Amino acid sequence: MASSNAYAQRDPMLKKRDDFEDILEERRNSSDLRYALKCYTPALYKGVAPCKSSMLKSMVLQSDQLHYVIQQVSKETGRQTDNVQEEVSAILDEMAHSLQLSTVRFFAFTLSKIFKSLFKSIRVNEEGIQRLQQAIQDHPVVLLPSHRSYMDFLLMSYLLYTYDLTLPVIAAGMDFMGMKFVGEMFRMSGAFFIRRSFGGNKLYWAVFSEYVKTMLKNGFAPVEFFLEGTRSRTSKSLIPKLGLLNIVMDPFLKGEVFDVHVVPVSISYERILEETLYARELLGIPKPKESTSGLFKARKVLSEDYGSIHVYFGQPVSVRSLAEGRVNRCQFNLVPRHIPGRPDEDIHSFVNDSAYKLVRAQEDNMVLKPWVLLASLLLQKQAVGQEQGTALDELTAQAVWLRDLSRQYGAFLHWPDQMTPSEVVSSSLSLHRGLVRTCEGKVQLALEHEGGAVGPQSAAALEEKLLSQAVIVLSCASYRNQALHVFLRPALLASAIHAASSNQKQEVFNSFSFLRNMFSNEFILCPGATVQDFEEACYLLVKTGTLQVTQKEVLVNERGHRTLAFLVSMLDPFLQGYQVVCRFLCEEATETLTEKQFIPAIRKFIIKHLLAGRLRYAEVLSSDLQKNSLAAFLRLGAVEKIKGVDQETLKVNAAMVNSLEDTLGGKLPTQKAVVARL
Amino acid sequence: MASNSSGSGSQGRAPQRLRIIAGHLQRPVDVDATVSAAECKAQGGEADVASDGKSVPKRRQEIMKWNGWGYSDTKFLFNKKGQAEFTGKRYKLSGMIIPALKEWMEGTFGTNMQHKSLATPALTRTAVQPPTLNEAFVEELKSTGVPFSHDAEDRVFRAHGHCLHEIFALREGKVGRVPDLVVWPNCHNDVVKIVELACKHNVCLIPYGGGTSVSSALECPQEETRSIVSVDTSQMNRILWIDEKNLTAHMEAGIVGQDLERLLNESGYCTGHEPDSMEFSSLGGWVATRASGMKKNIYGNIEDLVIHVKMVTPQGVVEKSCQGPRMSTGPDIHHFIMGSEGTLGVVTEVTMKIRPMPEYQKYGSVVFPNFEQGVACLREVARQRCAPASIRLMDNEQFKFGHALKPQVSSMFTSFLEGLKKFYITKFKGFDPDCLCVATLLFEGNREKVLQHEKQVYDIAAKFGGLAAGEDNGQRGYMLTFVIAYLRDLGMDYYVIGESFETSVPWDRVLDICRNVKARIIRECKDKGVQFQPFSTCRVTQTYDAGACVYFYFAFNYRGLSDPVHMFEEVEHAAREEILANGGSLSHHHGAGQCCAAWAEVMESGRVERCGTSYSADTTMC
């Protein structure tokens, strides 16, 4: 294990980040109409002329790739090629964007109005914009924004328009297209639509990938998509989806372009528009279908204050440099490039690693507001059952402590230093007054405690009360989650120390490795980087005076207990969540349990336990956590999918689940129990 | 030490070709006379068809530069008025002023006439290590009567080819390990004796032909402690016989291209093998490196031309027992001789196909609006299998380079015509001067067919937006290939270093490889701190059914860099890596030599291509 010197050189405290400019300020001082009608002349990639969408379609239709697949499909199905060709055209019509400047100008105008009423400021790092501008002129560019809100892609296009950059074409889910009129508006502002699932449809995949590649190769416009695939309902970054990333890397790997530059963009909202919506969704209250009328109804959100948005355009990442020394591009020399093929194992792992790197780059530049720290503290307090809340000045003192800690861990924290800590805290609390309540100088989460007061209540009413509390808890948790990536590795180490039976370094490492493996569907943990992560965590905890790490041992310093306790509590809800899933699988899972039934069944199970007071964290009701844990158990082989007559059922390996539960609970030393099998 | 040196199109440009071609155009009248005269000679002499007028003396330094390309009397320089001038009398361009060159150099490389980096004027003999002689070997050699020398100049001359690092070191007066002895065998039997003695006395042999290698094939291994002997085949330069019934000729392997062609021409024949280095490169070198000539579309590459080869190896003489045009008797021994690059033996005699000299030749050129269209046109020409003797497509940078090399126009009228042409293409036809590119053509055959062929090619070109742009442009295009080698010496006087390398690649990847390799060179230079963007350019020089040969040039201004040669090699390495990643081969005709030794492993494990290994000559020869 490397010495800590290696880390000293990239001390997270020393990360250099750009400054922000508020773009709304100018909007407040000058005419929106003039802005919407401004002269828009973006610099283009190597001077290519922008391409009409009709021309783009015909380029795609005439491509060798598509010809090949059409022939193939026609041969396999016995259909006429003309017939297949028509289908291809239809797919393409359904998919293609039809970017129109007039629509963009319309959006520029309306969004200006909306943004001004919703947000205090929209802050952008202008150096990032300059880097992007250069990248667009030199290389095909892919924009990878984080995805926390519907707002994201509108905001992105709005920003690029503001800075006179080539407008991106955006991969959007088909569900948007269901929205009459608005879908078409989106299409005209540069969105193209892809079906959510088209697994086996060779033709669809061919059209789709060729469409994206054609745009990219010719450098007509930056291609934008969400690596996470969908909006994160929890504000944690989601495990990246590789499909589109594979497609945009392909032209480079096959030598069709010199390089592709990928730009991670981190969009952080001080208050998320969909805040309680997400919480409800996670609790199983179904998400409203995207519809125009739904959007119309949502206009009441317009009257509230959502604080500010920070958009950080990260350093463009050259796919060429990512691939250097990793990928042997010669492997593509022996098959004609228009013949589609599954990527080899090494390409797959390269794309996967790159995806993780990029998501981490997004996480890294996420701006954290003081409220994120407050939410973390308040959630921990709520969980240990402080019914009366915390005194404001105590909370402030703790927040200041946490502020310093998170900065040492390299968090991109926006703490207004010109204000006193107590001002900072109270202004944060007031922005989120829906989630916290201050009475008599004590602060706590806004849970309905008084409720029906005394006496026995009906089960339904209790459950309803529990769920409404959970909405608040989950909303709060989504803010805490914004900071998770900062604390994740130290927290894993802290929990590992907590769980390990001795302070032998090897044992702590085993325990760390077990937890890391367990949670790798839950958090962004680059595959195969266990040792690096462990060293990073050790480095951070040693640097902050929490630990001493010697050759053989990991020792906790006297003054380190506070930090460790905080870190352990950070991860505790997740640990408990996974344990309860284990318990469910052992106790209640039947032979006929399907994946579909899993979520409702476990929800019922958890509600039962919560009401009985056997569980501490309402958070474990989150379907996100439940799905992730199931995925982890499937990955570890503790649960298996069995193909049944008409559907897949889940087969539980009770012994293994049991031992996983014990290890999670610290009842078993890690190396004996499961690590051997992992 | 890989190396029948010489060979390979390499750096060598072919000024001679232009002279020969000029000759072709004037001569038809007296063809018959020459043929019959030469015939008698050929039949008559056991010795040779014509022994006089050979271009290469034993002491090469008498007529050639010791630290640069080509003849001593010929070079580019800036005269007192600051205009570029090409000295000497040997070439068409000789004695002419090239007015645009200075500006082009300043604009392309950021050179400055004030900042010069001149070469050491003469070799310091003390810089050359005294020879390590194997006394016993030398004694026995004396008794055979084969001439030899251990003069420092002779030895230094045979210690290098024309790689950038080799020339760069010489210009700085630095000499590394050089051969200890130079021998000049006069015939096959002399070589047999030399090889026998070398085996007997444990001496290393490095065959030397024309010295035009660009793959470090002539470099002596630093760590070699045994005596190294350079076998200079330049005196084995006779045409031994011409067989008109079978249209073959039998030559000694040391004959250089220009002599071979001239002597055959005197008999009314030609081989049609014209690599760019044909002035200096030798037949043996061509065979040993799998050379390719610019007119391969009509005559074929060396492997198509060779009927019979005699090679002296440490195990004895290798040759076929007949001259049948094709045989099915197991693997063809020619296939290990060709491409052995001197590692397996010394090629001493070769029988080659010959053809009657073409009746008519015509140059041509086509301007395309962009490189993509040009490549599409070449691809179509190859598909229809109607490629002229030579068809080459230069990219925009090279097109501009070609323009910078236009000699001063003598008449007002020509300059008016030029202007008109330019106006027509850029203004009337709307070609972007920063995108357009030009294909140069050479047709050969009987007059009627040439004209017909020409029409066919121009018709195809028209489909791809090509406009015929005249014979002069075509001819100048071919001229560019030979002056570029002399031009490198001029560049080096002003802190500019450059080199070329080539590849062969399937058609569908031609555009990608051209773009990516050029971009890689630019990026690598930028990353390594080269101040001025490098000159990075390419041309498609040969077409095949399944692909094309692409030639890259790159050069940059190295002022302010501490170790330019090392940096240069890193860039070149990166460029080759890019070629391989884009589906190109390591070499189309230069050979692998030692330059590509770094790739040997990649090639074997990475199944990239048949490996031109770089065993040092000593392991195989002695």
# chains A, B, ... in the order shown; residues from 1 in each chain; ligands from 1
$ select_by_dssp --residues "range 188-288 of chain B" --states "strand (DSSP E or B)" --output "list in words"
Cys204, Leu205, Ile206, Pro207, Tyr208, Ile228, Val229, Ser230, Val231, Asp232, Ile239, Leu240, Trp241, Ile242, Asp243, Thr248, Ala249, His250, Met251, Glu252, Val256, Tyr269, Cys270 and Ser282 of chain B
$ residues_around --residues "Pro179 in chain B" --least-positions-apart "3" --cutoff "12 Å" --atoms "only C-alpha atoms" --output "PyMOL selection string"
chain B and resi 1+128-133+148-160+175-176+182-183+203-208+218-222+224-232
$ closest_residue --among "A:Leu493, A:Leu334, A:Met188, A:Ala108" --to "chain B" --atoms "only C-alpha atoms"
A:Leu334
$ atom_distance --atom1 "CA of His261 in chain A" --atom2 "CA of Gly229 in chain A"
19.5 Å
$ interface_residues --of "chain A" --to "chain B" --cutoff "6 Å" --atoms "only C-alpha atoms" --output "list of chain:residue names"
A:Gly255, A:Glu256, A:Phe258, A:Arg329, A:Cys330, A:Asn333
$ write_last_selection --atoms "C-alpha atoms" --output "mmCIF file, in the first residue's frame"
data_model
loop_
_atom_site.group_PDB
_atom_site.id
_atom_site.type_symbol
_atom_site.label_atom_id
_atom_site.label_comp_id
_atom_site.auth_asym_id
_atom_site.auth_seq_id
_atom_site.Cartn_x
_atom_site.Cartn_y
_atom_site.Cartn_z
ATOM 1 C CA GLY A 255 -10.526 5.785 -35.899
ATOM 2 C CA GLU A 256 -13.409 7.614 -37.542
ATOM 3 C CA PHE A 258 -9.310 11.872 -34.125
ATOM 4 C CA ARG A 329 -7.350 -0.143 -31.181
ATOM 5 C CA CYS A 330 -5.797 -2.600 -33.599
ATOM 6 C CA ASN A 333 -8.637 -3.586 -37.954
#
$ residues_around --residues "range 446-457 of chain B" --least-positions-apart "2" --cutoff "8 Å" --atoms "only C-alpha atoms" --output "number ranges by chain"
B: 358-362, 381, 386-388, 443-444, 459-461
$ write_last_selection --atoms "N, CA, C and O atoms" --output "PDB file, in the first residue's frame"
ATOM      1  N   PRO B 358       8.299   2.449 -73.388  1.00  0.00           N
ATOM      2  CA  PRO B 358       6.985   2.913 -73.823  1.00  0.00           C
ATOM      3  C   PRO B 358       7.109   3.899 -74.976  1.00  0.00           C
ATOM      4  O   PRO B 358       8.034   4.705 -75.026  1.00  0.00           O
ATOM      5  N   GLU B 359       6.139   3.826 -75.843  1.00  0.00           N
ATOM      6  CA  GLU B 359       6.147   4.672 -77.031  1.00  0.00           C
ATOM      7  C   GLU B 359       5.817   6.105 -76.660  1.00  0.00           C
ATOM      8  O   GLU B 359       6.333   7.059 -77.216  1.00  0.00           O
ATOM      9  N   TYR B 360       4.966   6.254 -75.668  1.00  0.00           N
ATOM     10  CA  TYR B 360       4.433   7.585 -75.418  1.00  0.00           C
ATOM     11  C   TYR B 360       4.172   7.753 -73.920  1.00  0.00           C
ATOM     12  O   TYR B 360       3.736   6.817 -73.254  1.00  0.00           O
ATOM     13  N   GLN B 361       4.462   8.930 -73.430  1.00  0.00           N
ATOM     14  CA  GLN B 361       4.192   9.220 -72.020  1.00  0.00           C
ATOM     15  C   GLN B 361       3.493  10.552 -71.916  1.00  0.00           C
ATOM     16  O   GLN B 361       3.772  11.455 -72.713  1.00  0.00           O
ATOM     17  N   LYS B 362       2.607  10.641 -70.965  1.00  0.00           N
ATOM     18  CA  LYS B 362       1.952  11.934 -70.809  1.00  0.00           C
ATOM     19  C   LYS B 362       1.649  12.181 -69.337  1.00  0.00           C
ATOM     20  O   LYS B 362       1.138  11.295 -68.633  1.00  0.00           O
ATOM     21  N   VAL B 381     -11.148   4.762 -59.442  1.00  0.00           N
ATOM     22  CA  VAL B 381     -10.168   4.392 -60.464  1.00  0.00           C
ATOM     23  C   VAL B 381      -9.640   2.990 -60.177  1.00  0.00           C
ATOM     24  O   VAL B 381      -9.520   2.155 -61.073  1.00  0.00           O
ATOM     25  N   CYS B 386      -8.371   0.950 -63.700  1.00  0.00           N
ATOM     26  CA  CYS B 386      -7.885   1.706 -64.841  1.00  0.00           C
ATOM     27  C   CYS B 386      -6.856   2.737 -64.388  1.00  0.00           C
ATOM     28  O   CYS B 386      -6.737   3.815 -64.951  1.00  0.00           O
ATOM     29  N   ALA B 387      -6.122   2.396 -63.321  1.00  0.00           N
ATOM     30  CA  ALA B 387      -5.129   3.353 -62.838  1.00  0.00           C
ATOM     31  C   ALA B 387      -4.042   3.557 -63.888  1.00  0.00           C
ATOM     32  O   ALA B 387      -3.586   2.596 -64.498  1.00  0.00           O
ATOM     33  N   PRO B 388      -3.650   4.790 -64.134  1.00  0.00           N
ATOM     34  CA  PRO B 388      -2.527   5.052 -65.026  1.00  0.00           C
ATOM     35  C   PRO B 388      -1.219   4.547 -64.418  1.00  0.00           C
ATOM     36  O   PRO B 388      -1.214   4.058 -63.283  1.00  0.00           O
ATOM     37  N   PHE B 443       0.677   8.786 -67.633  1.00  0.00           N
ATOM     38  CA  PHE B 443       0.184   7.730 -68.515  1.00  0.00           C
ATOM     39  C   PHE B 443       1.335   7.236 -69.365  1.00  0.00           C
ATOM     40  O   PHE B 443       2.228   7.993 -69.732  1.00  0.00           O
ATOM     41  N   GLU B 444       1.292   5.979 -69.712  1.00  0.00           N
ATOM     42  CA  GLU B 444       2.378   5.414 -70.489  1.00  0.00           C
ATOM     43  C   GLU B 444       1.814   4.336 -71.398  1.00  0.00           C
ATOM     44  O   GLU B 444       0.900   3.608 -71.009  1.00  0.00           O
ATOM     45  N   ASP B 459     -12.762  11.361 -67.046  1.00  0.00           N
ATOM     46  CA  ASP B 459     -14.216  11.229 -66.903  1.00  0.00           C
ATOM     47  C   ASP B 459     -14.591  10.802 -65.493  1.00  0.00           C
ATOM     48  O   ASP B 459     -15.546  11.321 -64.907  1.00  0.00           O
ATOM     49  N   ILE B 460     -13.826   9.856 -64.973  1.00  0.00           N
ATOM     50  CA  ILE B 460     -14.112   9.432 -63.590  1.00  0.00           C
ATOM     51  C   ILE B 460     -13.884  10.611 -62.646  1.00  0.00           C
ATOM     52  O   ILE B 460     -14.712  10.899 -61.776  1.00  0.00           O
ATOM     53  N   ALA B 461     -12.765  11.305 -62.855  1.00  0.00           N
ATOM     54  CA  ALA B 461     -12.448  12.437 -61.982  1.00  0.00           C
ATOM     55  C   ALA B 461     -13.575  13.464 -61.991  1.00  0.00           C
ATOM     56  O   ALA B 461     -13.941  14.018 -60.949  1.00  0.00           O
TER      57      ALA B 461
END
$ atom_distance --atom1 "CA of Val657 in chain A" --atom2 "CA of Leu575 in chain A"
14.0 Å
$ atom_distance --atom1 "CA of Glu304 in chain A" --atom2 "CA of Met366 in chain A"
23.1 Å
$ residues_around --residues "Lys641 in chain A" --least-positions-apart "6" --cutoff "8 Å" --atoms "only C-alpha atoms" --output "list in words"
Leu634, Glu648, Thr649, Leu650 and Lys651 of chain A
$ residues_around --residues "Ser365 in chain B" --least-positions-apart "2" --cutoff "10 Å" --atoms "only C-alpha atoms" --output "list in words"
Tyr363, Val367, Phe368, Ile391, Arg392, Leu393, Val438, Ala439, Thr440, Leu441, Leu442, Tyr458, Gly466, Leu467, Ala468, Ala469, Gly470, Glu471, Asp472, Asn473, Gly474, Gln475, Arg476 and Gly477 of chain B
$ write_last_selection --atoms "N, CA and C atoms" --output "compact mmCIF listing (two decimals), in the first residue's frame"
# COMPACT_ATOMS: atom_id res chain seq x y z
N TYR B 363 1.99 13.36 -68.89
CA TYR B 363 1.65 13.76 -67.52
C TYR B 363 0.26 14.36 -67.50
N VAL B 367 -7.51 18.74 -60.32
CA VAL B 367 -7.74 19.44 -59.06
C VAL B 367 -9.09 19.01 -58.50
N PHE B 368 -9.11 18.67 -57.22
CA PHE B 368 -10.37 18.31 -56.57
C PHE B 368 -10.72 19.37 -55.53
N ILE B 391 -0.57 7.35 -60.25
CA ILE B 391 -1.60 8.30 -59.84
C ILE B 391 -1.36 8.61 -58.38
N ARG B 392 -1.22 9.88 -58.07
CA ARG B 392 -0.93 10.29 -56.71
C ARG B 392 -1.83 11.44 -56.34
N LEU B 393 -2.23 11.43 -55.09
CA LEU B 393 -3.10 12.51 -54.63
C LEU B 393 -2.43 13.23 -53.48
N VAL B 438 -4.70 18.13 -55.22
CA VAL B 438 -4.43 17.83 -56.61
C VAL B 438 -3.91 16.40 -56.76
N ALA B 439 -4.38 15.76 -57.84
CA ALA B 439 -3.86 14.44 -58.17
C ALA B 439 -2.94 14.58 -59.38
N THR B 440 -1.80 13.95 -59.32
CA THR B 440 -0.90 13.98 -60.47
C THR B 440 -0.93 12.62 -61.15
N LEU B 441 -0.83 12.65 -62.46
CA LEU B 441 -1.00 11.43 -63.24
C LEU B 441 0.14 11.25 -64.20
N LEU B 442 0.47 10.00 -64.48
CA LEU B 442 1.43 9.70 -65.53
C LEU B 442 0.89 8.53 -66.33
N TYR B 458 -10.06 10.99 -66.70
CA TYR B 458 -10.62 12.33 -66.48
C TYR B 458 -12.14 12.29 -66.35
N GLY B 466 -13.64 16.71 -60.02
CA GLY B 466 -12.26 17.03 -60.40
C GLY B 466 -12.19 17.80 -61.72
N LEU B 467 -11.26 18.72 -61.77
CA LEU B 467 -11.03 19.49 -62.99
C LEU B 467 -9.62 19.21 -63.49
N ALA B 468 -9.50 18.94 -64.77
CA ALA B 468 -8.16 18.73 -65.33
C ALA B 468 -7.35 20.00 -65.14
N ALA B 469 -6.11 19.85 -64.70
CA ALA B 469 -5.33 21.05 -64.39
C ALA B 469 -3.98 21.08 -65.10
N GLY B 470 -3.88 20.32 -66.17
CA GLY B 470 -2.72 20.50 -67.04
C GLY B 470 -1.56 19.59 -66.77
N GLU B 471 -0.71 19.48 -67.79
CA GLU B 471 0.44 18.59 -67.70
C GLU B 471 1.51 19.15 -66.77
N ASP B 472 1.71 20.46 -66.83
CA ASP B 472 2.79 21.07 -66.04
C ASP B 472 2.65 20.77 -64.56
N ASN B 473 1.41 20.95 -64.08
CA ASN B 473 1.18 20.69 -62.65
C ASN B 473 1.50 19.26 -62.30
N GLY B 474 1.17 18.36 -63.21
CA GLY B 474 1.47 16.96 -62.99
C GLY B 474 2.96 16.73 -62.89
N GLN B 475 3.66 17.28 -63.86
CA GLN B 475 5.10 17.07 -63.89
C GLN B 475 5.77 17.66 -62.65
N ARG B 476 5.28 18.85 -62.24
CA ARG B 476 5.88 19.47 -61.08
C ARG B 476 5.62 18.64 -59.83
N GLY B 477 4.44 18.02 -59.81
CA GLY B 477 4.12 17.15 -58.69
C GLY B 477 5.16 16.06 -58.51
$ residues_around --residues "range 344-349 of chain B" --least-positions-apart "6" --cutoff "6 Å" --atoms "only C-alpha atoms" --output "PyMOL selection string"
chain B and resi 188+251-253+284+309-313+620
$ closest_residue --among "A:Glu224, A:Glu423, A:Asp32, A:Asp19" --to "Arg105 in chain A" --atoms "only C-alpha atoms"
A:Asp32
$ residues_around --residues "range 500-504 of chain B" --least-positions-apart "2" --cutoff "6 Å" --atoms "only C-alpha atoms" --output "count of residues only"
11
$ closest_residue --among "A:Ile122, A:Leu277, A:Leu611, A:Met95" --to "Ser478 in chain A" --atoms "only C-alpha atoms"
A:Leu277
$ closest_residue --among "A:Gln418, A:Phe186, A:Pro527, A:Arg480" --to "Val351 in chain A" --atoms "only C-alpha atoms"
A:Pro527
